[in-house]
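Peer 1: Got a structure for you, written out below as structure tokens; questions coming shortly.
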Amino acid sequence: MEATSSAVPAGKAAKQRRPIAGVLLLLSWGHLVTDMAQGALPALLPVLKQAFALTYAQTSLLVLVSNVASSVIQPVFGYFADRRPARWLLPLGCLVAGLGLAATGRLPWFSLLLLAVAISSLGVAAYHPEGSRAANLASGVRKGSGMAVFSVGGNLGFGLGSLFMAWLLTLGGPKATVYFVLPGLVTAGLLVFCWPRLNSLREEGVRQAFRGPADGKERSGAAISGKNRPSTQTAGVEWKKGTLPAFTLLLVYIIFRSWLHAGLYTYLPLYYTDYLHGNAHLAGYFVSVFLLAGAFGTLLGGPLTDVLGAPRVMAGSMALLIPLIYLFLHAGGGLAALVLLAFIGAALISTFSTTIVLGQQLMPHRKGLASGFTIGFGVGTGGVGVTLLGVLADHLGVPAVFHALNLLAVAGLALALFLIRRFPRGAES
């Protein structure tokens, strides 16, 4: 009888640690719609550059504002998400992201354009830490695969946002951007409708603190004492030896990857229109190939992380990029270039969920803060890189940007190889 009674809580615990597919898909869909705003901006850049007679540096400033507002402040949202879960940020962030970008096509001044991009990007910033924290809780023991499901929504959103914006511009010109608000409006309503299910997610460690060691029954606060009381050490960030330097190296790797990502999706349309003399309205479709292929790469990267460990996947990604970028520059603008572009997108973005998982392993008691850094701060610094690349493009031309990006891939490979020595299969090893 004792064996039977003790087996029941174990079975329940195992069930609770399974991924919650419905919640993960909902969060991934919200991630998709929210990141459509970021993906749509590159498709707008050639049109805005012509409309406002912008230089490459000024065009890059739009990307910098977007990245700073959407990403660099994400650790702040993550910090407060860890202290007090704020599920209401999910529908609000999704709605604001679409609303800000919907206004861009009807603004008369460049300063107002910068403000609209900043407002849209703040919505993006609000969604990500709370969304990734909820996705981690819903992933159970399959963190890599669960975060891949969440991340692929964002990567699909990047690609579909560019595609959707290009379609709107083709149909109605810049003024048609007002219809960009519709996906965010519908999704925000869906997230509110599913609010009870989202709000039911809780840390497993908090549940266990209120249960007995064998019977699994809830206990009152007065009954928690001694070994059942959560320690003050686990309530904060408890760094293992060498973990802080490793987390710093992880952030540097993410910064390099972000410069590559932002540099590619910013300068691919400009390379297509200014260097290959393609149509400005078709440049958004060029970007979509790169971003949608990245979504496929994310689906591969998550399971590979569960099997090989995060650092090995990160090294393989950068190792593939070095020859692929070189070949792309010599492929012209035909079918071969599009195929290479798809491989570049898949290889680069395959590590998006991988670095989130590694960051949360390094900061297991501050998942929101870790996500804010790995998704937000690290990714957001890509705008700084794009601004520097804009200066390089103004002086040496757009092809020089791609040579600089290849050097970043070499540096990223070196960082990943160092992390392999420290964490062969991930931070939990």
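We label chains A, B, ... in the order they appear in the structure tokens, count residues from 1 in each chain, and number ligands from 1 in the order shown.
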Considering only alpha helix (DSSP H) as DSSP defines it on the backbone, what residues of stretch 311-399 of chain A qualify? List them as an MDAnalysis selection string.

Peer 2: chainID A and resid 311:329 335:349 352:362 367:371 378:380 382:396 398:399

Peer 1: I'd like the neighbourhood of A:Leu299 as a list in words, where a residue qualifies if any of its atoms comes within 12 Å (using only C-alpha atoms), though same-chain residues fewer than 5 positions away should be ignored.

Peer 2: Gly144, Ser145, Gly146, Met147, Ala148, Val149, Phe150, Ser151, Val152, Gly153, Gly154, Asn155, Leu156, Leu292, Ala293, Gly294, Leu304, Thr305, Asp306, Ala346, Ala347, Ile349, Ser350, Thr351, Phe352, Ser353 and Thr354 of chain A

Peer 1: What does the distance from atom CA of A:Ala53 to atom CA of A:Phe402 come to in Å, to one decimal?

Peer 2: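 Between these atoms lies a distance of 23.8 Å.
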
Peer 1: Can you work out the spacing between atom CA of A:Gly159 and atom CA of A:Gly131 in Å, to one decimal?

Peer 2: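 About the pair atom CA of A:Gly159 and atom CA of A:Gly131: they are 19.5 Å apart.
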
Peer 1: Report as a PyMOL selection string all protein, DNA and RNA residues lying within 10 Å of A:Pro183, evaluated on only C-alpha atoms, omitting residues in the same chain fewer than 5 positions from it.

Peer 2: chain A and resi 30+32-34+36+94-95+98-99+188

Peer 1: Would you mind exporting the chosen residues as a PDB file, in the first residue's frame, restricted to C-alpha atoms?

Peer 2:
ATOM      1  CA  GLY A  30       1.478  35.775 -29.588  1.00  0.00           C
ATOM      2  CA  LEU A  32       4.656  35.553 -33.904  1.00  0.00           C
ATOM      3  CA  VAL A  33       2.203  38.460 -34.073  1.00  0.00           C
ATOM      4  CA  THR A  34       4.308  40.662 -31.763  1.00  0.00           C
ATOM      5  CA  MET A  36       5.730  40.853 -37.020  1.00  0.00           C
ATOM      6  CA  CYS A  94       1.072  42.423 -28.631  1.00  0.00           C
ATOM      7  CA  LEU A  95      -1.445  45.207 -29.289  1.00  0.00           C
ATOM      8  CA  GLY A  98       1.143  46.482 -34.054  1.00  0.00           C
ATOM      9  CA  LEU A  99      -0.426  49.843 -33.251  1.00  0.00           C
ATOM     10  CA  ALA A 188      -4.645  40.487 -27.860  1.00  0.00           C
TER      11      ALA A 188
END

Peer 1: Need to verify the contact set: A:Leu389, 8 Å, only C-alpha atoms, exclusion of same-chain residues closer than 3 positions in sequence. Can you return it as a list in words?

Peer 2: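 Counting only C-alpha atoms, the residues come to Gly263, Gly385, Val386, Leu392, Ala393 and Val401 of chain A.
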
Peer 1: With distances taken over only C-alpha atoms, which of A:Asn279, A:Gln361, A:Ser111, A:Ser60 is nearest to A:Leu244?

Peer 2: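 Checking each of A:Asn279, A:Gln361, A:Ser111, A:Ser60 against A:Leu244, counting only C-alpha atoms, the winner is A:Gln361.
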
Peer 1: Would you pick out the contacts of A:Phe290 at 10 Å or less, using only C-alpha atoms, so that residues sharing its chain but fewer than 4 positions from it are not included, and give the list as a count of residues only?

Peer 2: 21

Peer 1: Counting only C-alpha atoms, which residue out of A:Pro245, A:Gly161, A:Gly78, A:Pro108 sits closest to A:Pro42?

Peer 2: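 Of A:Pro245, A:Gly161, A:Gly78, A:Pro108, the one nearest A:Pro42, counting only C-alpha atoms, is A:Gly161.
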
Peer 1: Excluding same-chain residues fewer than 6 positions from A:Leu250, what lies within 12 Å of it counting only C-alpha atoms, as a VMD selection string?

Peer 2: chain A and resid 243 to 244 256 to 257 310 to 311 314 to 315 351 to 352 354 to 362 370 373 to 375 377 to 379 412 to 420 422 to 423 426 to 427

Peer 1: Could you please take those selected residues and save N, CA and C atoms as a short mmCIF file (atom, residue, chain, number, x, y, z; two decimals), in the first residue's frame?

Peer 2:
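Saved as out34.cif:
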data_model
loop_
_atom_site.label_atom_id
_atom_site.label_comp_id
_atom_site.auth_asym_id
_atom_site.auth_seq_id
_atom_site.Cartn_x
_atom_site.Cartn_y
_atom_site.Cartn_z
N THR A 243 30.35 30.62 -13.46
CA THR A 243 29.13 30.82 -14.23
C THR A 243 28.97 32.27 -14.67
N LEU A 244 29.36 33.23 -13.81
CA LEU A 244 29.24 34.64 -14.18
C LEU A 244 30.07 34.98 -15.41
N PHE A 256 27.20 39.43 -30.90
CA PHE A 256 27.77 39.20 -32.22
C PHE A 256 26.71 38.62 -33.17
N ARG A 257 25.93 37.64 -32.66
CA ARG A 257 24.88 37.06 -33.49
C ARG A 257 23.83 38.11 -33.84
N ALA A 310 23.89 23.18 -25.63
CA ALA A 310 23.83 24.50 -26.26
C ALA A 310 25.14 24.95 -26.90
N PRO A 311 26.31 24.84 -26.22
CA PRO A 311 27.53 25.37 -26.82
C PRO A 311 27.90 24.72 -28.15
N MET A 314 25.76 26.19 -30.84
CA MET A 314 26.20 27.56 -31.11
C MET A 314 27.45 27.59 -31.99
N ALA A 315 28.40 26.69 -31.73
CA ALA A 315 29.62 26.62 -32.54
C ALA A 315 29.31 26.19 -33.96
N THR A 351 20.10 29.12 -33.33
CA THR A 351 20.56 29.18 -31.94
C THR A 351 19.74 30.12 -31.08
N PHE A 352 18.64 30.66 -31.60
CA PHE A 352 17.87 31.63 -30.83
C PHE A 352 17.34 31.01 -29.54
N THR A 354 18.36 28.22 -28.32
CA THR A 354 19.52 27.60 -27.66
C THR A 354 20.13 28.53 -26.62
N THR A 355 20.33 29.79 -26.98
CA THR A 355 20.94 30.74 -26.04
C THR A 355 19.98 31.11 -24.92
N ILE A 356 18.66 31.10 -25.20
CA ILE A 356 17.69 31.35 -24.12
C ILE A 356 17.78 30.26 -23.07
N VAL A 357 17.83 29.00 -23.53
CA VAL A 357 17.90 27.86 -22.61
C VAL A 357 19.18 27.92 -21.78
N LEU A 358 20.31 28.19 -22.42
CA LEU A 358 21.58 28.25 -21.69
C LEU A 358 21.55 29.39 -20.67
N GLY A 359 21.01 30.53 -21.04
CA GLY A 359 20.92 31.65 -20.10
C GLY A 359 20.05 31.32 -18.90
N GLN A 360 18.92 30.62 -19.11
CA GLN A 360 18.04 30.25 -18.01
C GLN A 360 18.66 29.15 -17.15
N GLN A 361 19.51 28.32 -17.74
CA GLN A 361 20.24 27.33 -16.94
C GLN A 361 21.28 28.02 -16.06
N LEU A 362 21.89 29.06 -16.57
CA LEU A 362 22.89 29.78 -15.79
C LEU A 362 22.26 30.62 -14.68
N ALA A 370 17.01 36.47 -16.91
CA ALA A 370 17.88 35.82 -17.89
C ALA A 370 17.34 35.99 -19.30
N PHE A 373 17.90 39.48 -20.62
CA PHE A 373 19.25 39.69 -21.13
C PHE A 373 19.48 38.96 -22.45
N THR A 374 19.11 37.67 -22.51
CA THR A 374 19.44 36.88 -23.70
C THR A 374 18.56 37.22 -24.90
N ILE A 375 17.28 37.56 -24.66
CA ILE A 375 16.42 37.97 -25.76
C ILE A 375 16.51 39.47 -25.99
N PHE A 377 18.53 42.47 -24.03
CA PHE A 377 19.74 43.29 -24.04
C PHE A 377 20.72 42.85 -25.12
N GLY A 378 21.01 41.55 -25.17
CA GLY A 378 21.96 41.06 -26.16
C GLY A 378 21.49 41.28 -27.57
N VAL A 379 20.22 40.97 -27.84
CA VAL A 379 19.68 41.14 -29.18
C VAL A 379 19.56 42.62 -29.53
N GLY A 412 32.39 34.86 -33.23
CA GLY A 412 31.36 34.09 -32.55
C GLY A 412 31.74 32.62 -32.42
N LEU A 413 32.37 32.06 -33.44
CA LEU A 413 32.83 30.68 -33.39
C LEU A 413 33.86 30.49 -32.28
N ALA A 414 34.78 31.46 -32.14
CA ALA A 414 35.80 31.36 -31.10
C ALA A 414 35.16 31.37 -29.71
N LEU A 415 34.16 32.21 -29.50
CA LEU A 415 33.48 32.26 -28.21
C LEU A 415 32.75 30.95 -27.91
N ALA A 416 32.09 30.39 -28.91
CA ALA A 416 31.36 29.14 -28.71
C ALA A 416 32.30 27.99 -28.39
N LEU A 417 33.46 27.96 -29.02
CA LEU A 417 34.43 26.90 -28.73
C LEU A 417 34.93 27.00 -27.29
N PHE A 418 35.07 28.23 -26.79
CA PHE A 418 35.48 28.41 -25.40
C PHE A 418 34.39 27.91 -24.45
N LEU A 419 33.12 28.19 -24.77
CA LEU A 419 32.01 27.73 -23.94
C LEU A 419 31.89 26.21 -23.95
N ILE A 420 32.27 25.58 -25.06
CA ILE A 420 32.24 24.11 -25.12
C ILE A 420 33.18 23.52 -24.07
N ARG A 422 33.94 24.86 -21.24
CA ARG A 422 33.41 25.10 -19.89
C ARG A 422 32.14 24.28 -19.63
N PHE A 423 31.25 24.21 -20.61
CA PHE A 423 29.97 23.49 -20.48
C PHE A 423 29.78 22.59 -21.70
N GLY A 426 25.99 21.93 -21.80
CA GLY A 426 25.08 22.93 -21.26
C GLY A 426 25.41 23.24 -19.82
N ALA A 427 24.76 24.27 -19.26
CA ALA A 427 25.09 24.74 -17.93
C ALA A 427 24.76 23.71 -16.85
#
